[in-house]
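A.B. asks: Can you read through this structure? Questions will come right after.
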Amino acid sequence: MKTRVTPAALLAGVLAAAPVLADEGMWTYDNPPLKQLKAKHGFEPTREWLDKVRLASVRFMDGGSGSFVSPDGLMITNHHVGLGCIQNVSSAEHDFVKTGFYAATREKETACPGYEVNVLVSFEDVTAKVLGAVKAQMSDKDAREARKSAITKIENECNAATGLRCNVVTLYQGGEFQLYRYRKYTDVRLVFAPEQQIAFFGGDPDNFTFPRHDVDICLMRAYENGQPAKPAAYLPFSAAGVADGELVFVSGNPGSTSRLDTVAQLEAQRDVALPLTLDLLKRRLAVLRQYSARGPEQERRAKAQIFGLENGYKAQEGGLGALQDAKAMAGKVEEEKALRAKVAADPALAAATGDPWATIEAAEKKATGRVPESFLVGFGGSRLLGIAGNVVRYVAEVKKPNEQRLEEYIDSNLEPLRNRLYSRAPLYDDLEEVTLANQLGWALEKLGPAHPFVKAALGGKTPADVAKAAVAGTKLKDPEARKALVAGGAAAVEASTDSMIVLARKIDPLAREVRKFMEDEVDASITRAGEKIAQARWKAYGKELMRLKDRHDRDFALGPTHEEVITDLARAILRSYRRLPATLY
């Protein structure tokens, strides 16, 4: 049986969308299922093979995976992964989402503002360093601070020594911590994208229906120092495509699952968090659709947001449906009972573990009353307000020692943060007004007029009036204005009369209080209890049965599957890529 990880193979999976069986699951690169693959498929990937696939895989930081497909930095991904770039380089005169984009020469490849692409170049188990900082006698809050301090130190030391993006990734519900080192590319340029009509042929109902008949691809190129990047590995196109029955591996940044969450956590998602999430998405979609109905230019401006929100709504609605399935939840209850029985049957393990399930249940109940605030008290609803919030926090946080900062402002995270903060992606006043007014209106409805956030943000005015004034009185659409405020430091930000900065200054202390409550009173207890459950599960079942960790979205993984059917259309499209102009490579 042949084995492939090629863009053609990955693309065939997208285009042909055959019945896919991934019964081995997804596995991190440090823990590939070598024995299972050899026993079931007669294939045992070598370390060299795994390294090549990993180094050819890329992570788009706005969400999505792809791969290098040439020695000159050309990358392939899904159309929707590139949609933000396609939208940002479009204009009223040139709508590349509608008409498609093709750079006939490298000089015409267009920069994607604010984009970042990562390649996982190495990883290291740092579990002992992270968990070694947590002492048994510490409170949950102190344990959280100790863990955070250890992770911050590891990431910053790695970043200073290597210049790479360094992230400590939590795996297996806190049973293991891996230091992932990424090479980052912040000069990313659009090369080719078909018109969305063919990339999304069949529309939303067909998005996860198979087989699909569309050209769901986007080609970009990574640059370094103004020249096409030279990746350590790439996956060349296969003109022949994939044959029936071939073993196919998919590599990338797989997002997250909830498979290791406790029943109490899943119930909290089902009863509180997911209904709120769907409410938020539904409201935002309704507002954006009303805005789009104003005219073709408004429709163009809102298209990418609508597309992303529709996908998000679909995913969250499906998740809620699964959690409302009595049979599925009964299965999770039985799984938890089985693990707890194994723990109770071992006196030493029982003494070491205690009852972390009860701790998590209590923490989730404590969080329930404040979950709406965690959704609403902050800088949501407007890209301009989000920028203002980042500026206000940036100048305040960088004055503190690293271990005391909010995670996103530690030294190792500042460069990618600035790349996003100073992005030249276009912003539109009328779109900002309606989305901010919608967010403030939802806060008024959910939290009530007497809530401190509502009083601070609205000041007795209507959401629409506040949004209009905030957008009209800001200069933050200009990246140079953002840079000037950051360069001026806390004094410049405190003295600023920019309307969005003023609004962000009012919101910041209230948002910090909600975040501190959730981190100290809820997350700290859940995280520590989760680590105890992970250690108990580790001892009860062993690492072979541990799967990809639930709560992080920064894990690279590899998963095998089978392609049983490749449609004639898919084969034809794959063959056509032999005729791509040489300039693409």
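Residue names in the structure tokens use chain letters A, B, ... in the order shown, residue numbers from 1 in each chain, and ligand numbers from 1 in the order shown.
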Report as a Markdown table: every residue of region 258-301 of chain A with an atom at most 12 Å from region 512-533 of chain A, its closest pair of atoms, and their distance in Å to one decimal, counting only C-alpha atoms, with rows sorted by chain and ascending residue number.

C.D. replies:
| residue | atom | partner | partner_atom | distance |
| --- | --- | --- | --- | --- |
| A:Leu260 | CA | A:Gly530 | CA | 9.0 |
| A:Asp261 | CA | A:Gly530 | CA | 8.3 |
| A:Thr262 | CA | A:Gly530 | CA | 8.6 |
| A:Ala264 | CA | A:Ile526 | CA | 10.7 |
| A:Gln265 | CA | A:Ile526 | CA | 9.2 |

A.B. asks: Taking the DSSP assignment computed from this structure's backbone, write out as a list in words all residues of region 180-418 of chain A that belong to strand (DSSP E or B).

C.D. replies: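 Answer for region 180-418 of chain A, restricted to strand (DSSP E or B): Tyr180, Arg181, Tyr182, Arg183, Lys184, Tyr185, Asp187, Val188, Arg189, Leu190, Val191, Phe192, Ala193, Cys218, Leu219, Met220, Arg221, Ala222, Tyr223, Glu224, Gln227, Pro228, Leu247, Val248, Phe249, Val250, Ser251 and Gly252 of chain A.
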
A.B. asks: For Leu164 (chain A), which residue out of A:Leu266, A:Ala456, A:Ala348, A:Leu120 is the nearest one, using only C-alpha atoms?

C.D. replies: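 Of A:Leu266, A:Ala456, A:Ala348, A:Leu120, the one nearest Leu164 (chain A), counting only C-alpha atoms, is A:Leu120.
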
A.B. asks: Give me, please, the distance in Å between CA of Val89 (chain A) and CA of Leu219 (chain A), quoted to one decimal.

C.D. replies: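 About the pair CA of Val89 (chain A) and CA of Leu219 (chain A): they are 14.5 Å apart.
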
A.B. asks: If we count only C-alpha atoms, what is near Thr462 (chain A) at a cut-off of 12 Å, once residues fewer than 6 positions away on the same chain are taken out, given as a VMD selection string?

C.D. replies: chain A and resid 436 to 445 449 454 to 455 468 to 469

A.B. asks: Restricting it to N, CA and C atoms, dump the selection as an mmCIF file, in the first residue's frame.

C.D. replies:
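The resulting file, out28.cif, is reproduced below:
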data_model
loop_
_atom_site.group_PDB
_atom_site.id
_atom_site.type_symbol
_atom_site.label_atom_id
_atom_site.label_comp_id
_atom_site.auth_asym_id
_atom_site.auth_seq_id
_atom_site.Cartn_x
_atom_site.Cartn_y
_atom_site.Cartn_z
ATOM 1 N N LEU A 436 -20.259 47.576 16.476
ATOM 2 C CA LEU A 436 -20.069 48.045 17.855
ATOM 3 C C LEU A 436 -21.416 48.331 18.518
ATOM 4 N N ALA A 437 -22.331 48.959 17.797
ATOM 5 C CA ALA A 437 -23.662 49.228 18.358
ATOM 6 C C ALA A 437 -24.361 47.928 18.720
ATOM 7 N N ASN A 438 -24.200 46.911 17.889
ATOM 8 C CA ASN A 438 -24.813 45.616 18.176
ATOM 9 C C ASN A 438 -24.251 45.016 19.469
ATOM 10 N N GLN A 439 -22.929 45.069 19.634
ATOM 11 C CA GLN A 439 -22.306 44.505 20.829
ATOM 12 C C GLN A 439 -22.754 45.246 22.090
ATOM 13 N N LEU A 440 -22.774 46.560 22.023
ATOM 14 C CA LEU A 440 -23.200 47.356 23.183
ATOM 15 C C LEU A 440 -24.687 47.137 23.479
ATOM 16 N N GLY A 441 -25.466 46.971 22.432
ATOM 17 C CA GLY A 441 -26.891 46.694 22.633
ATOM 18 C C GLY A 441 -27.114 45.355 23.290
ATOM 19 N N TRP A 442 -26.322 44.355 22.922
ATOM 20 C CA TRP A 442 -26.428 43.036 23.551
ATOM 21 C C TRP A 442 -26.041 43.114 25.022
ATOM 22 N N ALA A 443 -25.007 43.897 25.326
ATOM 23 C CA ALA A 443 -24.598 44.069 26.720
ATOM 24 C C ALA A 443 -25.706 44.728 27.536
ATOM 25 N N LEU A 444 -26.335 45.745 26.965
ATOM 26 C CA LEU A 444 -27.441 46.413 27.652
ATOM 27 C C LEU A 444 -28.567 45.435 27.930
ATOM 28 N N GLU A 445 -28.869 44.596 26.952
ATOM 29 C CA GLU A 445 -29.950 43.626 27.098
ATOM 30 C C GLU A 445 -29.619 42.542 28.119
ATOM 31 N N PRO A 449 -29.152 47.952 32.480
ATOM 32 C CA PRO A 449 -28.623 49.325 32.472
ATOM 33 C C PRO A 449 -27.823 49.687 33.716
ATOM 34 N N VAL A 454 -22.053 48.573 31.454
ATOM 35 C CA VAL A 454 -23.040 49.273 30.629
ATOM 36 C C VAL A 454 -23.030 50.764 30.956
ATOM 37 N N LYS A 455 -22.960 51.091 32.240
ATOM 38 C CA LYS A 455 -22.931 52.501 32.640
ATOM 39 C C LYS A 455 -21.669 53.197 32.127
ATOM 40 N N LYS A 468 -21.469 55.546 17.057
ATOM 41 C CA LYS A 468 -21.258 56.565 16.022
ATOM 42 C C LYS A 468 -20.180 57.561 16.454
ATOM 43 N N ALA A 469 -20.278 58.029 17.697
ATOM 44 C CA ALA A 469 -19.310 59.009 18.187
ATOM 45 C C ALA A 469 -17.919 58.401 18.312
#

A.B. asks: For Ser258 (chain A), which residue out of A:Asn88, A:Ser374, A:Thr127, A:Gln173 is the nearest one, using only C-alpha atoms?

C.D. replies: A:Gln173

A.B. asks: Using DSSP on the backbone coordinates, identify the residues of region 221-422 of chain A assigned to alpha helix (DSSP H); present them as a ChimeraX atom specification.

C.D. replies: /A:263-268,274-292,296-323,326-344,347-353,356-368,371-376,383-397,411-421

A.B. asks: Given only C-alpha atoms, how would the per-residue table for region 214-257 of chain A near region 28-45 of chain A read, listing every residue at most 12 Å away with its closest atom pair and distance in Å to one decimal, sorted by chain and number, as a tab-separated table?

C.D. replies:
residue	atom	partner	partner_atom	distance
A:Gly245	CA	A:His41	CA	11.1
A:Glu246	CA	A:His41	CA	10.2
A:Leu247	CA	A:His41	CA	7.9
A:Val248	CA	A:His41	CA	11.0
A:Phe249	CA	A:Pro45	CA	10.9
A:Val250	CA	A:Thr28	CA	11.9
A:Ser251	CA	A:Tyr29	CA	9.6
A:Gly252	CA	A:Thr28	CA	9.9
A:Asn253	CA	A:Thr28	CA	9.9
A:Pro254	CA	A:Thr28	CA	10.0

A.B. asks: Got a sec: who's within 12 Å of region 68-75 of chain A, counting only C-alpha atoms, leaving out chain neighbours fewer than 6 positions off, as number ranges by chain?

C.D. replies: A: 5-8, 10-11, 52-60, 81-82, 106, 109, 117-119, 185, 187-193, 217-224, 226-238, 251-252, 577, 582-585

A.B. asks: How about saving the chosen residues, C-alpha atoms kept, as a JSON list (two decimals), in the first residue's frame?

C.D. replies:
[["chain", "number", "residue", "atom", "x", "y", "z"],
["A", 5, "VAL", "CA", 1.39, 13.20, 2.42],
["A", 6, "THR", "CA", 1.21, 15.54, -0.56],
["A", 7, "PRO", "CA", -0.75, 18.66, -1.41],
["A", 8, "ALA", "CA", -2.41, 16.58, -4.10],
["A", 10, "LEU", "CA", -4.69, 16.77, 0.82],
["A", 11, "LEU", "CA", -6.42, 18.58, -2.00],
["A", 52, "LYS", "CA", 9.85, 16.23, 6.47],
["A", 53, "VAL", "CA", 6.08, 16.24, 6.81],
["A", 54, "ARG", "CA", 6.22, 18.43, 9.93],
["A", 55, "LEU", "CA", 8.63, 20.94, 8.39],
["A", 56, "ALA", "CA", 6.50, 21.16, 5.24],
["A", 57, "SER", "CA", 3.32, 21.84, 7.25],
["A", 58, "VAL", "CA", 2.34, 25.43, 8.02],
["A", 59, "ARG", "CA", -0.03, 27.08, 10.46],
["A", 60, "PHE", "CA", -1.85, 30.26, 9.44],
["A", 81, "VAL", "CA", -8.08, 30.33, 5.15],
["A", 82, "GLY", "CA", -6.93, 32.95, 2.66],
["A", 106, "ARG", "CA", 6.21, 37.34, -8.43],
["A", 109, "GLU", "CA", 2.14, 38.92, -5.56],
["A", 117, "VAL", "CA", 2.56, 31.77, 9.10],
["A", 118, "ASN", "CA", 4.34, 29.35, 11.45],
["A", 119, "VAL", "CA", 6.33, 26.15, 10.92],
["A", 185, "TYR", "CA", 6.94, 34.32, 8.48],
["A", 187, "ASP", "CA", 5.71, 38.61, 5.01],
["A", 188, "VAL", "CA", 2.98, 36.53, 3.38],
["A", 189, "ARG", "CA", 1.75, 37.32, -0.12],
["A", 190, "LEU", "CA", -1.27, 36.24, -2.13],
["A", 191, "VAL", "CA", -0.46, 34.34, -5.32],
["A", 192, "PHE", "CA", -3.67, 32.75, -6.54],
["A", 193, "ALA", "CA", -7.26, 32.34, -5.42],
["A", 217, "ILE", "CA", -7.81, 26.30, -2.61],
["A", 218, "CYS", "CA", -5.66, 29.36, -2.14],
["A", 219, "LEU", "CA", -1.96, 29.76, -2.99],
["A", 220, "MET", "CA", 0.27, 32.10, -0.99],
["A", 221, "ARG", "CA", 4.01, 32.61, -0.71],
["A", 222, "ALA", "CA", 6.15, 33.19, 2.38],
["A", 223, "TYR", "CA", 8.96, 35.72, 2.09],
["A", 224, "GLU", "CA", 12.04, 36.41, 4.21],
["A", 226, "GLY", "CA", 12.14, 40.50, 0.76],
["A", 227, "GLN", "CA", 12.95, 37.23, -0.99],
["A", 228, "PRO", "CA", 10.89, 34.03, -1.36],
["A", 229, "ALA", "CA", 11.44, 31.82, 1.68],
["A", 230, "LYS", "CA", 13.50, 28.64, 1.37],
["A", 231, "PRO", "CA", 11.65, 26.12, 3.55],
["A", 232, "ALA", "CA", 13.47, 23.17, 5.06],
["A", 233, "ALA", "CA", 10.98, 20.83, 3.38],
["A", 234, "TYR", "CA", 8.09, 20.95, 0.94],
["A", 235, "LEU", "CA", 5.55, 18.55, -0.55],
["A", 236, "PRO", "CA", 5.57, 18.59, -4.36],
["A", 237, "PHE", "CA", 2.36, 18.24, -6.31],
["A", 238, "SER", "CA", 1.41, 14.78, -7.50],
["A", 251, "SER", "CA", -0.86, 17.00, 8.86],
["A", 252, "GLY", "CA", -1.60, 20.36, 10.38],
["A", 577, "TYR", "CA", -2.02, 21.73, -11.68],
["A", 582, "ALA", "CA", 6.42, 28.15, -13.62],
["A", 583, "THR", "CA", 6.37, 31.55, -11.91],
["A", 584, "LEU", "CA", 4.16, 30.06, -9.19],
["A", 585, "TYR", "CA", 7.03, 27.82, -8.13]]

A.B. asks: Quick one: pull the distance between CA of Ala511 (chain A) and CA of Ala487 (chain A), Å, one decimal.

C.D. replies: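 Answer for the CA of Ala511 (chain A) to CA of Ala487 (chain A) separation: 23.9 Å.
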
A.B. asks: Restricting the calculation to only C-alpha atoms: of A:Lys400, A:Val272, A:Ile360, A:Ala133, which residue gets closest to Phe375 (chain A)?

C.D. replies: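 Residue with the minimum atom-to-atom distance to Phe375 (chain A): A:Val272.
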
A.B. asks: How far is it from CA of Phe177 (chain A) to CA of Tyr409 (chain A), in Å with one decimal?

C.D. replies: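 Separation of CA of Phe177 (chain A) and CA of Tyr409 (chain A): 20.7 Å.
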
A.B. asks: Name the closest residue to Ile154 (chain A) among the candidates A:Asp125, A:Gly175, A:Gln324, A:Val391; distances are taken between atoms, counting only C-alpha atoms.

C.D. replies: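 For Ile154 (chain A), the nearest of the given residues is A:Asp125.
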
A.B. asks: Show which residues sit within 12 Å of His451 (chain A), as a tab-separated table (two decimals) with all heavy atoms, in the first residue's frame. Count only C-alpha atoms, and ignore same-chain residues fewer than 6 positions away.

C.D. replies:
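Final file, part_28.tsv:
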chain	number	residue	atom	x	y	z
A	372	PRO	N	-21.87	35.49	31.25
A	372	PRO	CA	-22.25	36.57	30.32
A	372	PRO	C	-21.26	37.73	30.34
A	372	PRO	O	-20.97	38.32	29.30
A	372	PRO	CB	-23.63	36.98	30.82
A	372	PRO	CG	-24.18	35.76	31.47
A	372	PRO	CD	-22.99	35.12	32.14
A	373	GLU	N	-20.73	38.06	31.53
A	373	GLU	CA	-19.75	39.15	31.60
A	373	GLU	C	-18.48	38.79	30.85
A	373	GLU	O	-17.86	39.66	30.23
A	373	GLU	CB	-19.42	39.44	33.07
A	373	GLU	CG	-20.54	40.10	33.84
A	373	GLU	CD	-20.16	40.30	35.30
A	373	GLU	OE1	-19.95	39.29	36.01
A	373	GLU	OE2	-20.06	41.47	35.73
A	376	LEU	N	-19.08	39.72	27.36
A	376	LEU	CA	-19.51	41.07	27.02
A	376	LEU	C	-18.64	42.19	27.57
A	376	LEU	O	-18.60	43.27	26.99
A	376	LEU	CB	-20.96	41.28	27.48
A	376	LEU	CG	-22.00	40.48	26.71
A	376	LEU	CD1	-23.30	40.37	27.48
A	376	LEU	CD2	-22.24	41.13	25.36
A	377	VAL	N	-18.00	41.96	28.70
A	377	VAL	CA	-17.21	43.03	29.32
A	377	VAL	C	-15.80	42.98	28.73
A	377	VAL	O	-14.94	42.23	29.19
A	377	VAL	CB	-17.18	42.89	30.85
A	377	VAL	CG1	-16.36	44.02	31.47
A	377	VAL	CG2	-18.60	42.91	31.40
A	443	ALA	N	-25.01	43.90	25.33
A	443	ALA	CA	-24.60	44.07	26.72
A	443	ALA	C	-25.71	44.73	27.54
A	443	ALA	O	-25.99	44.32	28.68
A	443	ALA	CB	-23.32	44.90	26.79
A	444	LEU	N	-26.33	45.74	26.97
A	444	LEU	CA	-27.44	46.41	27.65
A	444	LEU	C	-28.57	45.43	27.93
A	444	LEU	O	-29.15	45.41	29.02
A	444	LEU	CB	-27.94	47.58	26.80
A	444	LEU	CG	-29.15	48.36	27.31
A	444	LEU	CD1	-28.86	49.01	28.66
A	444	LEU	CD2	-29.58	49.41	26.29
A	445	GLU	N	-28.87	44.60	26.95
A	445	GLU	CA	-29.95	43.63	27.10
A	445	GLU	C	-29.62	42.54	28.12
A	445	GLU	O	-30.45	42.19	28.97
A	445	GLU	CB	-30.22	43.00	25.74
A	445	GLU	CG	-31.28	41.90	25.74
A	445	GLU	CD	-31.39	41.23	24.37
A	445	GLU	OE1	-31.39	41.95	23.36
A	445	GLU	OE2	-31.46	39.98	24.34
A	457	ALA	N	-19.67	52.25	29.55
A	457	ALA	CA	-19.58	52.29	28.09
A	457	ALA	C	-20.61	53.22	27.47
A	457	ALA	O	-20.30	53.93	26.49
A	457	ALA	CB	-19.75	50.88	27.52
A	458	LEU	N	-21.83	53.23	27.99
A	458	LEU	CA	-22.90	54.00	27.38
A	458	LEU	C	-23.06	55.40	27.98
A	458	LEU	O	-23.45	56.34	27.27
A	458	LEU	CB	-24.23	53.25	27.47
A	458	LEU	CG	-24.31	51.91	26.73
A	458	LEU	CD1	-25.71	51.32	26.85
A	458	LEU	CD2	-23.94	52.07	25.26
A	459	GLY	N	-22.82	55.53	29.27
A	459	GLY	CA	-22.96	56.85	29.90
A	459	GLY	C	-24.34	57.45	29.72
A	459	GLY	O	-24.49	58.67	29.58
A	460	GLY	N	-25.37	56.60	29.71
A	460	GLY	CA	-26.73	57.07	29.56
A	460	GLY	C	-27.17	57.29	28.12
A	460	GLY	O	-28.33	57.64	27.87
A	510	LEU	N	-12.72	47.28	34.15
A	510	LEU	CA	-13.86	46.37	34.34
A	510	LEU	C	-13.58	45.03	33.69
A	510	LEU	O	-13.89	43.97	34.26
A	510	LEU	CB	-15.12	47.00	33.74
A	510	LEU	CG	-15.53	48.35	34.34
A	510	LEU	CD1	-16.57	49.03	33.48
A	510	LEU	CD2	-16.04	48.18	35.76

A.B. asks: I'd like the contact shell of Ala490 (chain A) - 12 Å cut-off, only C-alpha atoms, skipping same-chain residues fewer than 3 positions apart - returned as a PyMOL selection string.

C.D. replies: chain A and resi 391-399+484-487+493-496+501+505

A.B. asks: For those residues, write all heavy atoms to a file as a short mmCIF file (atom, residue, chain, number, x, y, z; two decimals), in the first residue's frame.

C.D. replies:
data_model
loop_
_atom_site.label_atom_id
_atom_site.label_comp_id
_atom_site.auth_asym_id
_atom_site.auth_seq_id
_atom_site.Cartn_x
_atom_site.Cartn_y
_atom_site.Cartn_z
N VAL A 391 -3.86 48.72 22.50
CA VAL A 391 -2.94 49.84 22.75
C VAL A 391 -2.93 50.20 24.24
O VAL A 391 -1.87 50.37 24.85
CB VAL A 391 -3.33 51.06 21.89
CG1 VAL A 391 -2.56 52.30 22.32
CG2 VAL A 391 -3.10 50.77 20.42
N VAL A 392 -4.11 50.32 24.82
CA VAL A 392 -4.22 50.67 26.24
C VAL A 392 -3.50 49.64 27.11
O VAL A 392 -2.77 49.99 28.05
CB VAL A 392 -5.70 50.80 26.65
CG1 VAL A 392 -5.86 50.87 28.16
CG2 VAL A 392 -6.32 52.04 26.00
N ARG A 393 -3.69 48.38 26.81
CA ARG A 393 -3.06 47.34 27.63
C ARG A 393 -1.57 47.18 27.33
O ARG A 393 -0.79 46.89 28.23
CB ARG A 393 -3.80 46.01 27.42
CG ARG A 393 -5.15 46.01 28.11
CD ARG A 393 -5.78 44.66 28.14
NE ARG A 393 -6.96 44.67 29.00
CZ ARG A 393 -7.79 43.64 29.15
NH1 ARG A 393 -7.57 42.52 28.50
NH2 ARG A 393 -8.83 43.74 29.96
N TYR A 394 -1.19 47.36 26.09
CA TYR A 394 0.21 47.19 25.71
C TYR A 394 1.09 48.10 26.57
O TYR A 394 2.07 47.64 27.19
CB TYR A 394 0.38 47.51 24.23
CG TYR A 394 1.76 47.22 23.66
CD1 TYR A 394 1.95 46.15 22.81
CD2 TYR A 394 2.85 48.03 23.98
CE1 TYR A 394 3.22 45.87 22.29
CE2 TYR A 394 4.10 47.77 23.46
CZ TYR A 394 4.28 46.69 22.62
OH TYR A 394 5.52 46.42 22.11
N VAL A 395 0.79 49.39 26.58
CA VAL A 395 1.66 50.35 27.28
C VAL A 395 1.65 50.12 28.79
O VAL A 395 2.62 50.45 29.47
CB VAL A 395 1.28 51.80 26.94
CG1 VAL A 395 1.43 52.06 25.45
CG2 VAL A 395 -0.16 52.13 27.39
N ALA A 396 0.56 49.56 29.30
CA ALA A 396 0.50 49.28 30.74
C ALA A 396 1.24 47.99 31.09
O ALA A 396 1.97 47.92 32.09
CB ALA A 396 -0.95 49.18 31.19
N GLU A 397 1.09 46.96 30.26
CA GLU A 397 1.64 45.65 30.57
C GLU A 397 3.16 45.59 30.42
O GLU A 397 3.83 44.93 31.20
CB GLU A 397 0.98 44.58 29.70
CG GLU A 397 -0.48 44.34 30.00
CD GLU A 397 -0.71 43.82 31.41
OE1 GLU A 397 -0.04 42.85 31.80
OE2 GLU A 397 -1.54 44.41 32.12
N VAL A 398 3.70 46.26 29.40
CA VAL A 398 5.14 46.12 29.16
C VAL A 398 5.98 46.76 30.25
O VAL A 398 7.19 46.51 30.34
CB VAL A 398 5.55 46.69 27.77
CG1 VAL A 398 4.91 45.89 26.66
CG2 VAL A 398 5.21 48.17 27.65
N LYS A 399 5.37 47.57 31.10
CA LYS A 399 6.11 48.16 32.22
C LYS A 399 6.30 47.16 33.37
O LYS A 399 7.11 47.38 34.26
CB LYS A 399 5.36 49.39 32.75
CG LYS A 399 5.25 50.54 31.76
CD LYS A 399 4.77 51.81 32.44
CE LYS A 399 3.40 51.65 33.05
NZ LYS A 399 2.92 52.91 33.68
N ALA A 484 2.35 55.61 17.05
CA ALA A 484 2.71 56.81 17.80
C ALA A 484 2.25 56.70 19.25
O ALA A 484 2.97 57.08 20.18
CB ALA A 484 2.10 58.04 17.13
N LEU A 485 1.05 56.18 19.47
CA LEU A 485 0.56 56.02 20.84
C LEU A 485 1.39 55.02 21.61
O LEU A 485 1.75 55.26 22.77
CB LEU A 485 -0.91 55.59 20.82
CG LEU A 485 -1.95 56.69 20.56
CD1 LEU A 485 -3.31 56.08 20.29
CD2 LEU A 485 -2.02 57.65 21.75
N VAL A 486 1.71 53.90 20.98
CA VAL A 486 2.53 52.89 21.66
C VAL A 486 3.91 53.44 21.96
O VAL A 486 4.45 53.25 23.06
CB VAL A 486 2.62 51.60 20.81
CG1 VAL A 486 3.65 50.64 21.38
CG2 VAL A 486 1.25 50.93 20.74
N ALA A 487 4.49 54.14 21.01
CA ALA A 487 5.81 54.73 21.22
C ALA A 487 5.79 55.76 22.34
O ALA A 487 6.77 55.92 23.09
CB ALA A 487 6.32 55.36 19.92
N VAL A 493 -0.96 57.53 26.06
CA VAL A 493 -2.27 56.88 26.02
C VAL A 493 -3.20 57.51 27.06
O VAL A 493 -4.40 57.72 26.79
CB VAL A 493 -2.12 55.36 26.26
CG1 VAL A 493 -3.48 54.70 26.43
CG2 VAL A 493 -1.37 54.73 25.09
N GLU A 494 -2.68 57.82 28.22
CA GLU A 494 -3.52 58.43 29.27
C GLU A 494 -3.98 59.82 28.86
O GLU A 494 -5.10 60.24 29.20
CB GLU A 494 -2.73 58.50 30.59
CG GLU A 494 -3.54 58.96 31.77
CD GLU A 494 -4.75 58.08 32.07
OE1 GLU A 494 -4.64 56.85 31.89
OE2 GLU A 494 -5.81 58.61 32.47
N ALA A 495 -3.15 60.54 28.12
CA ALA A 495 -3.49 61.91 27.72
C ALA A 495 -4.32 61.96 26.44
O ALA A 495 -4.86 63.01 26.09
CB ALA A 495 -2.22 62.73 27.53
N SER A 496 -4.44 60.83 25.74
CA SER A 496 -5.11 60.81 24.44
C SER A 496 -6.59 61.15 24.57
O SER A 496 -7.28 60.70 25.49
CB SER A 496 -4.97 59.43 23.79
OG SER A 496 -5.71 59.37 22.59
N ILE A 501 -9.78 55.31 22.19
CA ILE A 501 -8.88 55.15 23.34
C ILE A 501 -9.61 55.52 24.62
O ILE A 501 -9.50 54.83 25.65
CB ILE A 501 -7.61 56.00 23.16
CG1 ILE A 501 -6.79 55.49 21.97
CG2 ILE A 501 -6.78 56.00 24.44
CD1 ILE A 501 -6.15 54.13 22.19
N ARG A 505 -10.21 52.97 27.67
CA ARG A 505 -9.74 53.25 29.03
C ARG A 505 -10.86 53.03 30.05
O ARG A 505 -10.62 52.56 31.17
CB ARG A 505 -9.21 54.69 29.13
CG ARG A 505 -7.87 54.93 28.48
CD ARG A 505 -7.19 56.17 29.08
NE ARG A 505 -8.05 57.34 29.05
CZ ARG A 505 -7.96 58.35 28.19
NH1 ARG A 505 -7.03 58.30 27.23
NH2 ARG A 505 -8.77 59.39 28.25
#
